file work-v9.json (JSON, C-alpha atoms)
[["chain", "number", "residue", "atom", "x", "y", "z"],
["A", 211, "MET", "CA", 100.95, 81.02, 69.73],
["A", 212, "PHE", "CA", 99.67, 82.99, 72.76],
["A", 213, "HIS", "CA", 101.56, 81.00, 75.40],
["A", 214, "SER", "CA", 103.75, 83.49, 77.20],
["A", 215, "GLN", "CA", 105.84, 83.61, 80.30],
["A", 216, "GLU", "CA", 106.39, 86.58, 82.57],
["A", 217, "PRO", "CA", 109.05, 88.78, 80.98],
["A", 218, "THR", "CA", 112.15, 89.59, 82.99],
["A", 219, "GLN", "CA", 112.75, 93.13, 84.24],
["A", 220, "LYS", "CA", 114.99, 93.87, 81.23],
["A", 221, "GLU", "CA", 112.43, 92.69, 78.70],
["A", 222, "LYS", "CA", 109.29, 94.18, 80.19],
["A", 223, "LYS", "CA", 106.83, 94.84, 77.42],
["A", 224, "GLU", "CA", 103.43, 96.35, 76.97],
["A", 225, "SER", "CA", 100.34, 94.25, 77.42],
["A", 226, "ILE", "CA", 98.51, 93.41, 74.21],
["A", 227, "ILE", "CA", 94.97, 92.57, 73.19],
["A", 228, "TYR", "CA", 94.22, 90.12, 70.39],
["A", 229, "ILE", "CA", 90.88, 89.81, 68.65],
["A", 230, "GLY", "CA", 90.43, 86.56, 66.79],
["A", 231, "GLN", "CA", 87.79, 84.26, 65.42],
["A", 232, "ASP", "CA", 88.40, 80.80, 66.82],
["A", 233, "ASP", "CA", 87.22, 77.95, 69.01],
["A", 234, "ILE", "CA", 88.32, 78.87, 72.56],
["A", 235, "THR", "CA", 88.85, 75.20, 73.46],
["A", 236, "THR", "CA", 91.71, 74.96, 70.94],
["A", 237, "LEU", "CA", 93.69, 78.07, 71.94],
["A", 238, "ASP", "CA", 97.27, 77.61, 73.05],
["A", 239, "CYS", "CA", 97.31, 80.15, 75.88],
["A", 240, "GLU", "CA", 97.81, 79.80, 79.61],
["A", 241, "CYS", "CA", 94.18, 80.28, 80.56],
["A", 242, "ILE", "CA", 90.75, 80.36, 78.98],
["A", 243, "VAL", "CA", 87.63, 81.83, 80.55],
["A", 244, "ASN", "CA", 84.45, 79.81, 80.75],
["A", 245, "ALA", "CA", 81.11, 81.60, 80.59],
["A", 246, "ALA", "CA", 79.66, 79.32, 83.23],
["A", 247, "ASN", "CA", 76.39, 79.03, 85.11],
["A", 248, "GLU", "CA", 76.21, 79.37, 88.90],
["A", 249, "SER", "CA", 76.51, 75.61, 89.49],
["A", 250, "LEU", "CA", 79.80, 75.39, 87.52],
["A", 251, "LEU", "CA", 78.69, 71.90, 86.50],
["A", 252, "GLY", "CA", 78.53, 72.47, 82.75],
["A", 253, "GLY", "CA", 75.79, 73.63, 80.45],
["A", 254, "GLY", "CA", 75.31, 74.64, 76.85],
["A", 255, "GLY", "CA", 77.29, 76.87, 74.50],
["A", 256, "VAL", "CA", 80.89, 77.63, 75.40],
["A", 257, "ASP", "CA", 80.40, 76.12, 78.88],
["A", 258, "GLY", "CA", 79.43, 72.74, 77.45],
["A", 259, "ALA", "CA", 82.20, 72.87, 74.85],
["A", 260, "ILE", "CA", 84.86, 73.59, 77.48],
["A", 261, "HIS", "CA", 83.63, 70.80, 79.78],
["A", 262, "PHE", "CA", 83.53, 68.37, 76.85],
["A", 263, "ALA", "CA", 87.04, 69.26, 75.63],
["A", 264, "ALA", "CA", 88.58, 69.28, 79.12],
["A", 265, "GLY", "CA", 87.19, 65.87, 80.03],
["A", 266, "PRO", "CA", 85.47, 64.52, 83.16],
["A", 267, "GLU", "CA", 88.23, 65.69, 85.51],
["A", 268, "LEU", "CA", 87.04, 69.27, 85.06],
["A", 269, "LEU", "CA", 83.54, 68.42, 86.27],
["A", 270, "ARG", "CA", 85.02, 66.55, 89.25],
["A", 271, "GLU", "CA", 87.08, 69.60, 90.26],
["A", 272, "CYS", "CA", 84.14, 71.98, 89.67],
["A", 273, "ARG", "CA", 82.01, 69.93, 92.08],
["A", 274, "THR", "CA", 84.46, 70.85, 94.87],
["A", 275, "LEU", "CA", 84.11, 74.63, 94.31],
["A", 276, "GLY", "CA", 80.60, 75.16, 95.70],
["A", 277, "GLY", "CA", 79.34, 77.06, 92.67],
["A", 278, "CYS", "CA", 79.99, 80.69, 91.80],
["A", 279, "LYS", "CA", 77.97, 83.90, 92.15],
["A", 280, "THR", "CA", 77.18, 86.15, 89.20],
["A", 281, "GLY", "CA", 80.07, 88.54, 88.53],
["A", 282, "GLU", "CA", 82.60, 86.40, 90.39],
["A", 283, "ALA", "CA", 85.21, 83.91, 89.15],
["A", 284, "LYS", "CA", 86.84, 80.65, 90.23],
["A", 285, "ILE", "CA", 89.80, 78.77, 88.75],
["A", 286, "THR", "CA", 90.44, 75.12, 87.88],
["A", 287, "HIS", "CA", 93.00, 73.16, 85.93],
["A", 288, "GLY", "CA", 92.49, 72.80, 82.17],
["A", 289, "TYR", "CA", 92.99, 69.01, 82.04],
["A", 290, "ASN", "CA", 92.71, 67.93, 78.36],
["A", 291, "LEU", "CA", 92.60, 71.51, 77.04],
["A", 292, "PRO", "CA", 95.72, 73.16, 75.57],
["A", 293, "ALA", "CA", 95.25, 75.84, 78.27],
["A", 294, "LYS", "CA", 96.68, 74.96, 81.68],
["A", 295, "TRP", "CA", 93.91, 76.83, 83.53],
["A", 296, "VAL", "CA", 90.19, 77.56, 83.19],
["A", 297, "ILE", "CA", 88.69, 80.55, 84.95],
["A", 298, "HIS", "CA", 84.93, 80.10, 85.34],
["A", 299, "THR", "CA", 82.86, 83.26, 85.60],
["A", 300, "VAL", "CA", 79.11, 83.71, 85.73],
["A", 301, "GLY", "CA", 77.71, 86.50, 83.61],
["A", 302, "PRO", "CA", 74.37, 88.18, 84.20],
["A", 303, "ILE", "CA", 71.16, 87.13, 82.51],
["A", 304, "TYR", "CA", 70.31, 90.26, 80.53],
["A", 305, "SER", "CA", 67.43, 92.30, 81.97],
["A", 306, "GLY", "CA", 68.11, 95.71, 80.48],
["A", 307, "GLN", "CA", 68.96, 97.16, 83.90],
["A", 308, "ALA", "CA", 72.15, 99.10, 84.78],
["A", 309, "GLU", "CA", 73.09, 96.25, 87.14],
["A", 310, "ASP", "CA", 73.71, 94.04, 84.08],
["A", 311, "ALA", "CA", 76.70, 96.14, 82.95],
["A", 312, "ARG", "CA", 78.15, 96.26, 86.49],
["A", 313, "LEU", "CA", 77.93, 92.48, 86.86],
["A", 314, "LEU", "CA", 79.35, 91.83, 83.38],
["A", 315, "ALA", "CA", 82.27, 94.20, 84.03],
["A", 316, "SER", "CA", 82.87, 92.34, 87.30],
["A", 317, "CYS", "CA", 83.21, 89.06, 85.37],
["A", 318, "TYR", "CA", 86.13, 90.47, 83.38],
["A", 319, "ARG", "CA", 87.76, 92.23, 86.33],
["A", 320, "SER", "CA", 87.40, 89.17, 88.63],
["A", 321, "SER", "CA", 88.84, 86.89, 85.95],
["A", 322, "LEU", "CA", 91.84, 89.15, 85.35],
["A", 323, "GLU", "CA", 92.47, 89.52, 89.09],
["A", 324, "LEU", "CA", 92.35, 85.75, 89.54],
["A", 325, "ALA", "CA", 94.72, 85.28, 86.58],
["A", 326, "LYS", "CA", 97.18, 87.76, 88.08],
["A", 327, "ALA", "CA", 96.97, 86.03, 91.47],
["A", 328, "HIS", "CA", 98.05, 82.79, 89.72],
["A", 329, "SER", "CA", 100.84, 84.48, 87.69],
["A", 330, "ILE", "CA", 98.98, 83.89, 84.43],
["A", 331, "HIS", "CA", 100.09, 86.13, 81.55],
["A", 332, "SER", "CA", 97.78, 85.07, 78.70],
["A", 333, "ILE", "CA", 94.01, 84.77, 78.99],
["A", 334, "ALA", "CA", 91.25, 84.21, 76.42],
["A", 335, "PHE", "CA", 87.70, 85.49, 76.91],
["A", 336, "PRO", "CA", 84.55, 84.41, 75.08],
["A", 337, "ALA", "CA", 81.72, 86.92, 74.65],
["A", 338, "ILE", "CA", 80.34, 86.41, 78.17],
["A", 339, "SER", "CA", 76.53, 86.47, 78.57],
["A", 340, "THR", "CA", 75.83, 86.96, 74.84],
["A", 341, "GLY", "CA", 74.47, 83.47, 74.22],
["A", 342, "VAL", "CA", 71.46, 82.08, 76.07],
["A", 343, "TYR", "CA", 71.81, 84.83, 78.71],
["A", 344, "GLY", "CA", 70.68, 87.28, 76.01],
["A", 345, "TYR", "CA", 73.09, 90.19, 76.50],
["A", 346, "PRO", "CA", 73.13, 92.24, 73.26],
["A", 347, "LEU", "CA", 76.49, 91.61, 71.58],
["A", 348, "LYS", "CA", 77.53, 95.21, 70.95],
["A", 349, "GLU", "CA", 76.62, 96.35, 74.47],
["A", 350, "ALA", "CA", 78.49, 93.37, 75.97],
["A", 351, "THR", "CA", 81.51, 94.07, 73.76],
["A", 352, "ILE", "CA", 81.67, 97.67, 74.94],
["A", 353, "VAL", "CA", 81.53, 96.56, 78.59],
["A", 354, "ALA", "CA", 84.16, 93.83, 78.01],
["A", 355, "MET", "CA", 86.64, 96.05, 76.19],
["A", 356, "SER", "CA", 86.18, 99.00, 78.54],
["A", 357, "GLU", "CA", 86.72, 96.86, 81.64],
["A", 358, "VAL", "CA", 89.74, 95.03, 80.20],
["A", 359, "LYS", "CA", 91.33, 98.33, 79.13],
["A", 360, "LYS", "CA", 90.70, 99.80, 82.59],
["A", 361, "TRP", "CA", 92.28, 96.74, 84.24],
["A", 362, "LEU", "CA", 95.33, 96.86, 81.95],
["A", 363, "ASP", "CA", 95.73, 100.60, 82.63],
["A", 364, "ASP", "CA", 95.43, 100.00, 86.38],
["A", 365, "ASN", "CA", 97.94, 97.12, 86.24],
["A", 366, "GLY", "CA", 100.52, 98.64, 83.91],
["A", 367, "ASP", "CA", 103.35, 96.84, 85.70],
["A", 368, "TYR", "CA", 101.86, 93.41, 84.92],
["A", 369, "PHE", "CA", 102.28, 91.98, 81.42],
["A", 370, "MET", "CA", 99.12, 90.37, 80.09],
["A", 371, "GLU", "CA", 98.04, 89.07, 76.70],
["A", 372, "VAL", "CA", 94.25, 89.26, 76.47],
["A", 373, "ILE", "CA", 92.52, 87.37, 73.70],
["A", 374, "PHE", "CA", 88.94, 88.19, 72.80],
["A", 375, "CYS", "CA", 87.97, 84.90, 71.20],
["A", 376, "CYS", "CA", 85.03, 85.35, 68.84],
["A", 377, "PHE", "CA", 83.23, 82.17, 67.86],
["A", 378, "GLY", "CA", 81.67, 83.55, 64.67],
["A", 379, "LYS", "CA", 82.19, 86.27, 62.09],
["A", 380, "ARG", "CA", 79.38, 88.44, 63.46],
["A", 381, "ALA", "CA", 81.02, 88.60, 66.90],
["A", 382, "TYR", "CA", 84.43, 89.20, 65.33],
["A", 383, "ASP", "CA", 83.07, 92.09, 63.26],
["A", 384, "VAL", "CA", 81.45, 93.70, 66.33],
["A", 385, "TYR", "CA", 84.63, 93.36, 68.40],
["A", 386, "GLN", "CA", 86.73, 94.74, 65.57],
["A", 387, "SER", "CA", 84.41, 97.71, 65.05],
["A", 388, "CYS", "CA", 84.47, 98.64, 68.76],
["A", 389, "ALA", "CA", 88.22, 98.19, 69.22],
["A", 390, "ALA", "CA", 89.52, 101.37, 67.55],
["A", 391, "GLU", "CA", 87.42, 103.65, 69.74],
["A", 392, "ILE", "CA", 87.63, 101.82, 73.07],
["A", 393, "LEU", "CA", 91.14, 100.37, 73.04],
["A", 394, "GLN", "CA", 93.13, 103.51, 72.31],
["A", 395, "GLY", "CA", 96.63, 103.33, 73.75],
["A", 396, "ILE", "CA", 96.65, 99.52, 73.99],
["A", 397, "ALA", "CA", 98.65, 97.32, 71.61],
["A", 398, "LEU", "CA", 96.08, 95.55, 69.45],
["A", 399, "SER", "CA", 96.36, 92.65, 67.02],
["A", 400, "LEU", "CA", 93.54, 91.43, 64.80],
["A", 401, "GLN", "CA", 93.86, 87.74, 63.92]]
call {"tool": "encode", "arguments": {"input": "work-v9.json", "output": "structure tokens"}}
result
Amino acid sequence: MFHSQEPTQKEKKESIIYIGQDDITTLDCECIVNAANESLLGGGGVDGAIHFAAGPELLRECRTLGGCKTGEAKITHGYNLPAKWVIHTVGPIYSGQAEDARLLASCYRSSLELAKAHSIHSIAFPAISTGVYGYPLKEATIVAMSEVKKWLDDNGDYFMEVIFCCFGKRAYDVYQSCAAEILQGIALSLQ
């Protein structure tokens, strides 16, 4: 479905953003992003679901990474997931300060940079920090979409399929409502 390979020079195409309502652990794309905690050793929400679906090998590999700072990202194999790779990023715990948006934007930018460094051309993001970390969904969506658009604009020579994977209808509706205004000039597909 989303599994792509780097296009040849003759078939270069524009990057595209998908917005869909799905379970990120079932997506057939090259890489999924895990909204992890600093230990990278699993937790609740999407983090727990990804660790469960990937199997114990993911936890074993995560133990070798030495954790991850907020706003940064690290990569592992996907093991039992359809995705070959998992990029783990640690979002901020919402405090209402300007620093929250900077750190959240860094999660998306760091993940995309890591994907590019590994020649990954399709990546799925959950709504980072909007669960137990308490980031308001609409504010987080605006940060996510703005940062992804900026990265795609800055990396116009690199083909990337970005999937915003919304777990529920509420998240999907918020992402869809923000997309028209924020994602102008980017190919967009609503699933």
call {"tool": "atom_distance", "arguments": {"input": "work-v9.json", "atom1": "atom CA of Val358 of chain A", "atom2": "atom CA of Ile234 of chain A"}}
result
17.9 Å
call {"tool": "atom_distance", "arguments": {"input": "work-v9.json", "atom1": "atom CA of Val300 of chain A", "atom2": "atom CA of Glu271 of chain A"}}
result
16.8 Å
call {"tool": "closest_atom_pairs", "arguments": {"input": "work-v9.json", "of": "segment 225-297 of chain A", "to": "segment 370-392 of chain A", "cutoff": "8 Å", "atoms": "all atoms listed in the file", "output": "Markdown table"}}
result
| residue | atom | partner | partner_atom | distance |
| --- | --- | --- | --- | --- |
| A:Ser225 | CA | A:Met370 | CA | 4.9 |
| A:Ile226 | CA | A:Glu371 | CA | 5.0 |
| A:Ile227 | CA | A:Val372 | CA | 4.7 |
| A:Tyr228 | CA | A:Ile373 | CA | 4.6 |
| A:Ile229 | CA | A:Phe374 | CA | 4.9 |
| A:Gly230 | CA | A:Cys375 | CA | 5.3 |
| A:Gln231 | CA | A:Cys376 | CA | 4.5 |
| A:Asp232 | CA | A:Phe377 | CA | 5.4 |
| A:Asp233 | CA | A:Phe377 | CA | 5.9 |
| A:Ile234 | CA | A:Cys375 | CA | 6.2 |
call {"tool": "atom_distance", "arguments": {"input": "work-v9.json", "atom1": "atom CA of Cys239 of chain A", "atom2": "atom CA of Gly265 of chain A"}}
result
18.0 Å
call {"tool": "residues_around", "arguments": {"input": "work-v9.json", "residues": "segment 360-367 of chain A", "least_positions_apart": "6", "cutoff": "9 Å", "atoms": "all atoms listed in the file", "output": "PyMOL selection string"}}
result
chain A and resi 222+224-225+318-319+322-323+396
call {"tool": "closest_residue", "arguments": {"input": "work-v9.json", "among": "A:Gly306, A:Gly395, A:Pro336, A:Gly276", "to": "Ala354 of chain A", "atoms": "all atoms listed in the file"}}
result
A:Pro336
call {"tool": "closest_residue", "arguments": {"input": "work-v9.json", "among": "A:Lys294, A:Asp238, A:Leu313, A:Ile303", "to": "Val342 of chain A", "atoms": "all atoms listed in the file"}}
result
A:Ile303
